[in-house]
2 protein chains.
Amino acid sequence: MEKQVDFWSYLKSNFLISESSQVALKDACSIQKLQKNEVLQPIGHTCKTIYFLEEGVARIFYYKDGIDVTEYFALEGDFIARAESLFARTPSKKGIQILEDAKVIAVDVNMLYQLYDTHHEIERLFRLIFESAYVDTIQRIESFQFNSAEERYLDLIKNHKNIVRRIPLKHIASYLGITQVSLSRIRSKIK
Amino acid sequence: MEKQVDFWSYLKSNFLISESSQVALKDACSIQKLQKNEVLQPIGHTCKTIYFLEEGVARIFYYKDGIDVTEYFALEGDFIARAESLFARTPSKKGIQILEDAKVIAVDVNMLYQLYDTHHEIERLFRLIFESAYVDTIQRIESFQFNSAEERYLDLIKNHKNIVRRIPLKHIASYLGITQVSLSRIRSKIK
DNA sequence: CCAATTACTTATCATTTGTTAAAGGATTTC
DNA sequence: GAAATCCTTTAACAAATGATAAGTAATTGG
């Protein structure tokens, strides 16, 4: 529980959103408390919720040839959702798991999509949120395209120190696209 | 010039868009004809245009340690834009180059953003377009995370045969995150 | 507090991919 | 159509990463 981020303060300080849109959006939101290791959204489930982490840590994961692979980490102040399932409205082969006791704001997307029709401003809000997530994803592709595993790890330390500090190395390894043994080797080399 | 895709037919058949929105959007659009090897958008330029390819082939590229790297290919019927620059409104370290004589629809984003305010429907249209691009990008990360170069190449043949058929291998190699020599080796192995 | 489990490291060897260099094909340009 | 340039392949060796196994450290649950 390193820091606490309030969803509504976050929205108000980063986006323009009227009082009436806030009130409307609140109806689509609920608070959930979750414990370490809990699976918030199981594999095979069609994503119908966007989460915002106020406290704790979570990850998106899936199995590739029986191996547990982490695709994404969320810390306090991050959104987490399986976008491929959300946008395509198909079952996801990925799940969401809690890595540290968490408090999340759950946004129901069916209600959210209805609000898109009635509150242009809310549609814009989430457009901007996902545009920013899209940019992060593009940058991640770059890091895979022509950086060595060592460079990717050093970047992670530099830009997301809290991930490295708080999350088991095995998950970080798969996130970086390497085995845990390989990450361990890299760590001992750069020390 | 394998096929031809009309921008407006494409929009009308894939999205709900009223006659009046179409008329408004047309004002933000222009047609450009470009020749092979031409640089449509130079490196260092802040992206202010979204392109749709009606004919031809284009790529997004950048230099990593002096090496030419292709990040994205667009064929007929694809959009192409440097999203990280577009959304962050910062200069891009990437450029757009034409690989086969092309005819593109250029959408001016300054005008487009104004239309977002007046035509909710147009904002939605581009939200959906970029959501779909976002999903593609997530899938690309997956392919990097735990597929070998050979698997990535086989996937490309399977899912984007036209890329392999029409684009020089050196560009395909960097797109896959490997050297051209390595791609050549893979090709001779799987034959 | 102990036993069991989970997390991390180290070592060895195999495989994949990178690097460099050279050569043969294909394409472009004049 | 010849020269020049660009594209692709091949080969030999180097470096990075994977696979397996074993051991140590840390954490968890009773």
# chains A, B, ... in the order shown; residues from 1 in each chain; ligands from 1
>>> calpha_fit_and_write(fixed="chain A", moving="chain B", output="PDB file with C-alpha atoms, in the first residue's frame")
ATOM      1  CA  MET B   1       0.039   0.031  -0.133  1.00  0.00           C
ATOM      2  CA  GLU B   2       2.565   2.630  -1.205  1.00  0.00           C
ATOM      3  CA  LYS B   3       0.290   5.398  -2.255  1.00  0.00           C
ATOM      4  CA  GLN B   4      -3.381   6.071  -2.657  1.00  0.00           C
ATOM      5  CA  VAL B   5      -5.003   7.545  -5.717  1.00  0.00           C
ATOM      6  CA  ASP B   6      -8.571   8.689  -5.749  1.00  0.00           C
ATOM      7  CA  PHE B   7     -10.368   7.953  -9.016  1.00  0.00           C
ATOM      8  CA  TRP B   8     -12.424  11.123  -9.049  1.00  0.00           C
ATOM      9  CA  SER B   9      -9.541  13.397  -8.193  1.00  0.00           C
ATOM     10  CA  TYR B  10      -7.603  11.691 -10.925  1.00  0.00           C
ATOM     11  CA  LEU B  11     -10.334  12.321 -13.512  1.00  0.00           C
ATOM     12  CA  LYS B  12     -10.937  15.891 -12.466  1.00  0.00           C
ATOM     13  CA  SER B  13      -7.276  16.821 -12.495  1.00  0.00           C
ATOM     14  CA  ASN B  14      -6.531  15.224 -15.868  1.00  0.00           C
ATOM     15  CA  PHE B  15      -9.691  15.779 -17.900  1.00  0.00           C
ATOM     16  CA  LEU B  16     -12.497  18.241 -18.372  1.00  0.00           C
ATOM     17  CA  ILE B  17     -15.610  16.654 -16.992  1.00  0.00           C
ATOM     18  CA  SER B  18     -18.730  18.476 -15.890  1.00  0.00           C
ATOM     19  CA  GLU B  19     -20.512  17.918 -12.603  1.00  0.00           C
ATOM     20  CA  SER B  20     -23.467  16.321 -14.374  1.00  0.00           C
ATOM     21  CA  SER B  21     -21.243  13.890 -16.286  1.00  0.00           C
ATOM     22  CA  GLN B  22     -19.557  12.958 -13.042  1.00  0.00           C
ATOM     23  CA  VAL B  23     -22.879  12.206 -11.457  1.00  0.00           C
ATOM     24  CA  ALA B  24     -23.948  10.104 -14.430  1.00  0.00           C
ATOM     25  CA  LEU B  25     -20.673   8.230 -14.517  1.00  0.00           C
ATOM     26  CA  LYS B  26     -20.870   7.444 -10.821  1.00  0.00           C
ATOM     27  CA  ASP B  27     -23.874   5.250 -11.545  1.00  0.00           C
ATOM     28  CA  ALA B  28     -21.731   3.018 -13.725  1.00  0.00           C
ATOM     29  CA  CYS B  29     -19.052   2.708 -11.064  1.00  0.00           C
ATOM     30  CA  SER B  30     -18.703   0.525  -8.015  1.00  0.00           C
ATOM     31  CA  ILE B  31     -15.954  -0.090  -5.496  1.00  0.00           C
ATOM     32  CA  GLN B  32     -14.428  -3.512  -4.954  1.00  0.00           C
ATOM     33  CA  LYS B  33     -11.882  -4.682  -2.416  1.00  0.00           C
ATOM     34  CA  LEU B  34      -9.749  -7.639  -3.420  1.00  0.00           C
ATOM     35  CA  GLN B  35      -7.124  -9.822  -1.856  1.00  0.00           C
ATOM     36  CA  LYS B  36      -3.712 -10.852  -3.063  1.00  0.00           C
ATOM     37  CA  ASN B  37      -3.775 -13.701  -5.612  1.00  0.00           C
ATOM     38  CA  GLU B  38      -7.495 -13.325  -6.222  1.00  0.00           C
ATOM     39  CA  VAL B  39      -8.553 -13.622  -9.853  1.00  0.00           C
ATOM     40  CA  LEU B  40     -10.588 -10.541 -10.604  1.00  0.00           C
ATOM     41  CA  GLN B  41     -11.524 -11.641 -14.124  1.00  0.00           C
ATOM     42  CA  PRO B  42     -11.051 -15.258 -15.215  1.00  0.00           C
ATOM     43  CA  ILE B  43      -9.641 -16.448 -18.533  1.00  0.00           C
ATOM     44  CA  GLY B  44     -12.405 -17.124 -21.045  1.00  0.00           C
ATOM     45  CA  HIS B  45     -14.647 -14.384 -19.745  1.00  0.00           C
ATOM     46  CA  THR B  46     -15.748 -11.535 -22.003  1.00  0.00           C
ATOM     47  CA  CYS B  47     -14.495  -8.285 -20.536  1.00  0.00           C
ATOM     48  CA  LYS B  48     -17.357  -6.035 -19.484  1.00  0.00           C
ATOM     49  CA  THR B  49     -15.585  -3.905 -16.916  1.00  0.00           C
ATOM     50  CA  ILE B  50     -12.873  -1.296 -16.900  1.00  0.00           C
ATOM     51  CA  TYR B  51     -11.026  -1.088 -13.600  1.00  0.00           C
ATOM     52  CA  PHE B  52      -9.094   1.728 -12.014  1.00  0.00           C
ATOM     53  CA  LEU B  53      -6.708   0.807  -9.216  1.00  0.00           C
ATOM     54  CA  GLU B  54      -6.894   3.047  -6.200  1.00  0.00           C
ATOM     55  CA  GLU B  55      -4.747   0.719  -4.117  1.00  0.00           C
ATOM     56  CA  GLY B  56      -2.752  -2.401  -4.809  1.00  0.00           C
ATOM     57  CA  VAL B  57      -1.245  -4.147  -7.816  1.00  0.00           C
ATOM     58  CA  ALA B  58      -2.805  -6.274 -10.565  1.00  0.00           C
ATOM     59  CA  ARG B  59      -1.753  -7.933 -13.805  1.00  0.00           C
ATOM     60  CA  ILE B  60      -3.209  -9.266 -17.027  1.00  0.00           C
ATOM     61  CA  PHE B  61      -1.952 -12.787 -17.740  1.00  0.00           C
ATOM     62  CA  TYR B  62      -2.507 -15.730 -20.067  1.00  0.00           C
ATOM     63  CA  TYR B  63      -1.017 -19.104 -20.809  1.00  0.00           C
ATOM     64  CA  LYS B  64       1.208 -19.659 -23.807  1.00  0.00           C
ATOM     65  CA  ASP B  65       2.008 -23.368 -24.240  1.00  0.00           C
ATOM     66  CA  GLY B  66       1.195 -23.901 -20.583  1.00  0.00           C
ATOM     67  CA  ILE B  67       3.517 -21.119 -19.436  1.00  0.00           C
ATOM     68  CA  ASP B  68       2.111 -18.236 -17.387  1.00  0.00           C
ATOM     69  CA  VAL B  69       2.763 -14.985 -19.252  1.00  0.00           C
ATOM     70  CA  THR B  70       2.142 -11.489 -17.874  1.00  0.00           C
ATOM     71  CA  GLU B  71       1.030  -8.987 -20.468  1.00  0.00           C
ATOM     72  CA  TYR B  72       0.466  -5.920 -18.331  1.00  0.00           C
ATOM     73  CA  PHE B  73       0.951  -4.599 -14.820  1.00  0.00           C
ATOM     74  CA  ALA B  74      -1.262  -2.025 -13.139  1.00  0.00           C
ATOM     75  CA  LEU B  75      -0.268  -0.091 -10.026  1.00  0.00           C
ATOM     76  CA  GLU B  76      -2.096   2.611  -8.100  1.00  0.00           C
ATOM     77  CA  GLY B  77      -3.482   5.192 -10.501  1.00  0.00           C
ATOM     78  CA  ASP B  78      -3.529   2.830 -13.503  1.00  0.00           C
ATOM     79  CA  PHE B  79      -6.449   1.479 -15.468  1.00  0.00           C
ATOM     80  CA  ILE B  80      -6.683  -2.217 -16.219  1.00  0.00           C
ATOM     81  CA  ALA B  81      -8.945  -3.896 -18.763  1.00  0.00           C
ATOM     82  CA  ARG B  82      -8.583  -6.555 -21.436  1.00  0.00           C
ATOM     83  CA  ALA B  83      -9.035  -4.182 -24.323  1.00  0.00           C
ATOM     84  CA  GLU B  84      -9.007  -6.819 -27.069  1.00  0.00           C
ATOM     85  CA  SER B  85     -12.032  -8.463 -25.450  1.00  0.00           C
ATOM     86  CA  LEU B  86     -13.715  -5.216 -24.488  1.00  0.00           C
ATOM     87  CA  PHE B  87     -13.618  -3.711 -27.963  1.00  0.00           C
ATOM     88  CA  ALA B  88     -14.191  -6.877 -29.961  1.00  0.00           C
ATOM     89  CA  ARG B  89     -16.809  -8.128 -27.464  1.00  0.00           C
ATOM     90  CA  THR B  90     -15.342 -11.614 -27.611  1.00  0.00           C
ATOM     91  CA  PRO B  91     -14.164 -13.921 -24.800  1.00  0.00           C
ATOM     92  CA  SER B  92     -10.639 -13.156 -23.655  1.00  0.00           C
ATOM     93  CA  LYS B  93      -7.911 -15.745 -23.408  1.00  0.00           C
ATOM     94  CA  LYS B  94      -6.483 -13.525 -20.697  1.00  0.00           C
ATOM     95  CA  GLY B  95      -7.329 -13.016 -17.046  1.00  0.00           C
ATOM     96  CA  ILE B  96      -6.798 -10.337 -14.413  1.00  0.00           C
ATOM     97  CA  GLN B  97      -5.172 -11.274 -11.150  1.00  0.00           C
ATOM     98  CA  ILE B  98      -4.523  -9.243  -8.022  1.00  0.00           C
ATOM     99  CA  LEU B  99      -0.885  -9.218  -6.892  1.00  0.00           C
ATOM    100  CA  GLU B 100      -1.286  -6.981  -3.824  1.00  0.00           C
ATOM    101  CA  ASP B 101      -4.463  -6.384  -1.834  1.00  0.00           C
ATOM    102  CA  ALA B 102      -6.395  -3.933  -3.921  1.00  0.00           C
ATOM    103  CA  LYS B 103      -9.194  -1.416  -3.946  1.00  0.00           C
ATOM    104  CA  VAL B 104     -10.572  -0.846  -7.418  1.00  0.00           C
ATOM    105  CA  ILE B 105     -13.222   1.257  -9.087  1.00  0.00           C
ATOM    106  CA  ALA B 106     -15.135  -0.986 -11.487  1.00  0.00           C
ATOM    107  CA  VAL B 107     -16.739   0.760 -14.451  1.00  0.00           C
ATOM    108  CA  ASP B 108     -19.526  -1.266 -16.043  1.00  0.00           C
ATOM    109  CA  VAL B 109     -19.062  -0.936 -19.776  1.00  0.00           C
ATOM    110  CA  ASN B 110     -22.646  -1.697 -20.744  1.00  0.00           C
ATOM    111  CA  MET B 111     -23.717   1.260 -18.686  1.00  0.00           C
ATOM    112  CA  LEU B 112     -20.740   3.218 -19.913  1.00  0.00           C
ATOM    113  CA  TYR B 113     -21.676   2.643 -23.551  1.00  0.00           C
ATOM    114  CA  GLN B 114     -25.148   3.953 -22.807  1.00  0.00           C
ATOM    115  CA  LEU B 115     -23.592   7.030 -21.271  1.00  0.00           C
ATOM    116  CA  TYR B 116     -21.564   7.490 -24.451  1.00  0.00           C
ATOM    117  CA  ASP B 117     -24.870   8.137 -26.220  1.00  0.00           C
ATOM    118  CA  THR B 118     -26.202  10.595 -23.698  1.00  0.00           C
ATOM    119  CA  HIS B 119     -22.986  12.279 -22.541  1.00  0.00           C
ATOM    120  CA  HIS B 120     -20.620  13.157 -25.339  1.00  0.00           C
ATOM    121  CA  GLU B 121     -18.141  14.254 -22.683  1.00  0.00           C
ATOM    122  CA  ILE B 122     -17.927  10.789 -21.168  1.00  0.00           C
ATOM    123  CA  GLU B 123     -17.239   9.174 -24.511  1.00  0.00           C
ATOM    124  CA  ARG B 124     -14.485  11.720 -24.995  1.00  0.00           C
ATOM    125  CA  LEU B 125     -13.065  10.999 -21.566  1.00  0.00           C
ATOM    126  CA  PHE B 126     -12.648   7.312 -22.310  1.00  0.00           C
ATOM    127  CA  ARG B 127     -11.463   7.996 -25.843  1.00  0.00           C
ATOM    128  CA  LEU B 128      -8.619  10.001 -24.342  1.00  0.00           C
ATOM    129  CA  ILE B 129      -7.901   7.383 -21.703  1.00  0.00           C
ATOM    130  CA  PHE B 130      -7.585   4.647 -24.303  1.00  0.00           C
ATOM    131  CA  GLU B 131      -5.590   6.817 -26.674  1.00  0.00           C
ATOM    132  CA  SER B 132      -3.050   7.170 -23.959  1.00  0.00           C
ATOM    133  CA  ALA B 133      -3.045   3.419 -23.347  1.00  0.00           C
ATOM    134  CA  TYR B 134      -2.580   2.923 -27.070  1.00  0.00           C
ATOM    135  CA  VAL B 135       0.509   5.131 -27.057  1.00  0.00           C
ATOM    136  CA  ASP B 136       1.987   3.095 -24.197  1.00  0.00           C
ATOM    137  CA  THR B 137       1.419  -0.065 -26.186  1.00  0.00           C
ATOM    138  CA  ILE B 138       3.149   1.324 -29.266  1.00  0.00           C
ATOM    139  CA  GLN B 139       6.140   2.204 -27.132  1.00  0.00           C
ATOM    140  CA  ARG B 140       6.211  -1.296 -25.777  1.00  0.00           C
ATOM    141  CA  ILE B 141       6.391  -2.725 -29.290  1.00  0.00           C
ATOM    142  CA  GLU B 142       9.377  -0.524 -29.971  1.00  0.00           C
ATOM    143  CA  SER B 143      11.116  -1.904 -26.925  1.00  0.00           C
ATOM    144  CA  PHE B 144      10.571  -5.442 -28.206  1.00  0.00           C
ATOM    145  CA  GLN B 145      11.536  -4.708 -31.767  1.00  0.00           C
ATOM    146  CA  PHE B 146      15.194  -3.914 -31.324  1.00  0.00           C
ATOM    147  CA  ASN B 147      16.185  -3.865 -27.690  1.00  0.00           C
ATOM    148  CA  SER B 148      17.959  -6.724 -25.990  1.00  0.00           C
ATOM    149  CA  ALA B 149      16.416  -8.284 -22.906  1.00  0.00           C
ATOM    150  CA  GLU B 150      18.954  -6.386 -20.835  1.00  0.00           C
ATOM    151  CA  GLU B 151      17.954  -3.056 -22.376  1.00  0.00           C
ATOM    152  CA  ARG B 152      14.289  -3.816 -21.772  1.00  0.00           C
ATOM    153  CA  TYR B 153      15.005  -4.602 -18.140  1.00  0.00           C
ATOM    154  CA  LEU B 154      17.063  -1.452 -17.647  1.00  0.00           C
ATOM    155  CA  ASP B 155      14.255   0.601 -19.211  1.00  0.00           C
ATOM    156  CA  LEU B 156      11.807  -0.972 -16.819  1.00  0.00           C
ATOM    157  CA  ILE B 157      13.972  -0.086 -13.826  1.00  0.00           C
ATOM    158  CA  LYS B 158      14.314   3.449 -15.147  1.00  0.00           C
ATOM    159  CA  ASN B 159      10.676   4.083 -16.011  1.00  0.00           C
ATOM    160  CA  HIS B 160       8.719   1.779 -13.728  1.00  0.00           C
ATOM    161  CA  LYS B 161      10.851   1.296 -10.663  1.00  0.00           C
ATOM    162  CA  ASN B 162       7.824   0.317  -8.609  1.00  0.00           C
ATOM    163  CA  ILE B 163       7.073  -2.636 -10.853  1.00  0.00           C
ATOM    164  CA  VAL B 164      10.540  -4.039 -10.263  1.00  0.00           C
ATOM    165  CA  ARG B 165      10.354  -3.316  -6.562  1.00  0.00           C
ATOM    166  CA  ARG B 166       6.962  -4.797  -5.842  1.00  0.00           C
ATOM    167  CA  ILE B 167       6.373  -7.610  -8.304  1.00  0.00           C
ATOM    168  CA  PRO B 168       7.867 -11.132  -8.307  1.00  0.00           C
ATOM    169  CA  LEU B 169      10.648 -11.522 -10.851  1.00  0.00           C
ATOM    170  CA  LYS B 170       9.007 -14.446 -12.583  1.00  0.00           C
ATOM    171  CA  HIS B 171       6.201 -12.135 -13.674  1.00  0.00           C
ATOM    172  CA  ILE B 172       8.598  -9.431 -14.726  1.00  0.00           C
ATOM    173  CA  ALA B 173      10.551 -11.944 -16.803  1.00  0.00           C
ATOM    174  CA  SER B 174       7.535 -13.032 -18.833  1.00  0.00           C
ATOM    175  CA  TYR B 175       6.448  -9.407 -19.172  1.00  0.00           C
ATOM    176  CA  LEU B 176       9.838  -8.720 -20.773  1.00  0.00           C
ATOM    177  CA  GLY B 177       9.485 -11.775 -22.991  1.00  0.00           C
ATOM    178  CA  ILE B 178      12.276 -13.809 -21.405  1.00  0.00           C
ATOM    179  CA  THR B 179      12.611 -16.696 -18.973  1.00  0.00           C
ATOM    180  CA  GLN B 180      13.168 -16.143 -15.315  1.00  0.00           C
ATOM    181  CA  VAL B 181      16.572 -17.782 -15.529  1.00  0.00           C
ATOM    182  CA  SER B 182      17.579 -15.318 -18.179  1.00  0.00           C
ATOM    183  CA  LEU B 183      16.386 -12.364 -16.120  1.00  0.00           C
ATOM    184  CA  SER B 184      18.293 -13.635 -13.131  1.00  0.00           C
ATOM    185  CA  ARG B 185      21.440 -13.833 -15.258  1.00  0.00           C
ATOM    186  CA  ILE B 186      20.929 -10.261 -16.450  1.00  0.00           C
ATOM    187  CA  ARG B 187      20.446  -9.027 -12.910  1.00  0.00           C
ATOM    188  CA  SER B 188      23.649 -10.616 -11.675  1.00  0.00           C
ATOM    189  CA  LYS B 189      25.529  -9.171 -14.647  1.00  0.00           C
ATOM    190  CA  ILE B 190      24.478  -5.544 -14.181  1.00  0.00           C
ATOM    191  CA  LYS B 191      25.055  -5.450 -10.442  1.00  0.00           C
TER     192      LYS B 191
END
>>> interface_residues(of="chain D", to="chain B", cutoff="8 Å", atoms="only C-alpha atoms (C1' of nucleotides)", output="PyMOL selection string")
chain D and resi 7-9
>>> residues_around(residues="C:DT29", least_positions_apart="3", cutoff="10 Å", atoms="only C-alpha atoms (C1' of nucleotides)", output="list in words")
DA3, DA4 and DT5 of chain D
>>> atom_distance(atom1="atom C1' of C:DT20", atom2="atom C1' of D:DA19")
29.0 Å
>>> interface_residues(of="chain C", to="chain A", cutoff="8 Å", atoms="only C-alpha atoms (C1' of nucleotides)", output="PyMOL selection string")
chain C and resi 7-9
>>> write_last_selection(atoms="C-alpha atoms (C1' of nucleotides)", output="tab-separated table (two decimals), in the first residue's frame")
chain	number	residue	atom	x	y	z
C	7	DA	C1'	10.95	-17.46	-5.28
C	8	DC	C1'	15.43	-16.72	-6.91
C	9	DT	C1'	20.10	-17.94	-8.39
>>> select_by_dssp(residues="stretch 9-182 of chain A", states="strand (DSSP E)", output="VMD selection string")
chain A and resid 29 to 34 39 to 41 49 to 64 67 to 74 79 to 80 95 to 108
>>> select_by_dssp(residues="chain B", states="helix (DSSP H, G or I)", output="PyMOL selection string")
chain B and resi 7-14+19-27+83-88+109-118+120-146+149-159+161-166+169-176+180-190
>>> atom_distance(atom1="atom C1' of C:DA26", atom2="atom C1' of D:DC13")
29.1 Å
>>> residues_around(residues="C:DA23", least_positions_apart="2", cutoff="10 Å", atoms="only C-alpha atoms (C1' of nucleotides)", output="JSON, numbers by chain")
{"C": [21, 25], "D": [9, 10]}
>>> atom_distance(atom1="atom C1' of C:DC13", atom2="atom C1' of D:DA11")
23.9 Å
>>> decode(residues="chain C", atoms="C-alpha atoms (C1' of nucleotides)", output="PDB file, in the first residue's frame")
ATOM      1  C1'  DC C   1       8.685 -22.041  15.195  1.00  0.00           C
ATOM      2  C1'  DC C   2       8.879 -25.658  11.794  1.00  0.00           C
ATOM      3  C1'  DA C   3       7.636 -27.716   7.502  1.00  0.00           C
ATOM      4  C1'  DA C   4       6.221 -26.860   3.114  1.00  0.00           C
ATOM      5  C1'  DT C   5       5.977 -24.146  -0.583  1.00  0.00           C
ATOM      6  C1'  DT C   6       7.413 -20.555  -3.485  1.00  0.00           C
ATOM      7  C1'  DA C   7      10.946 -17.460  -5.277  1.00  0.00           C
ATOM      8  C1'  DC C   8      15.430 -16.723  -6.907  1.00  0.00           C
ATOM      9  C1'  DT C   9      20.104 -17.938  -8.390  1.00  0.00           C
ATOM     10  C1'  DT C  10      23.789 -20.554 -10.525  1.00  0.00           C
ATOM     11  C1'  DA C  11      25.794 -23.834 -13.713  1.00  0.00           C
ATOM     12  C1'  DT C  12      25.946 -26.465 -17.976  1.00  0.00           C
ATOM     13  C1'  DC C  13      24.780 -27.295 -22.505  1.00  0.00           C
ATOM     14  C1'  DA C  14      21.680 -26.542 -26.696  1.00  0.00           C
ATOM     15  C1'  DT C  15      19.497 -23.429 -29.747  1.00  0.00           C
ATOM     16  C1'  DT C  16      18.490 -19.168 -31.708  1.00  0.00           C
ATOM     17  C1'  DT C  17      19.798 -14.938 -33.347  1.00  0.00           C
ATOM     18  C1'  DG C  18      23.398 -11.385 -34.345  1.00  0.00           C
ATOM     19  C1'  DT C  19      27.620  -9.905 -36.928  1.00  0.00           C
ATOM     20  C1'  DT C  20      30.495  -9.665 -40.668  1.00  0.00           C
ATOM     21  C1'  DA C  21      31.794 -10.679 -45.156  1.00  0.00           C
ATOM     22  C1'  DA C  22      31.201 -12.226 -49.731  1.00  0.00           C
ATOM     23  C1'  DA C  23      28.716 -13.395 -53.730  1.00  0.00           C
ATOM     24  C1'  DG C  24      24.852 -13.944 -56.880  1.00  0.00           C
ATOM     25  C1'  DG C  25      20.310 -11.915 -58.524  1.00  0.00           C
ATOM     26  C1'  DA C  26      17.268  -8.422 -59.525  1.00  0.00           C
ATOM     27  C1'  DT C  27      16.164  -3.776 -60.612  1.00  0.00           C
ATOM     28  C1'  DT C  28      16.971   0.873 -61.843  1.00  0.00           C
ATOM     29  C1'  DT C  29      19.005   4.442 -64.394  1.00  0.00           C
ATOM     30  C1'  DC C  30      21.252   6.590 -67.899  1.00  0.00           C
TER      31       DC C  30
END
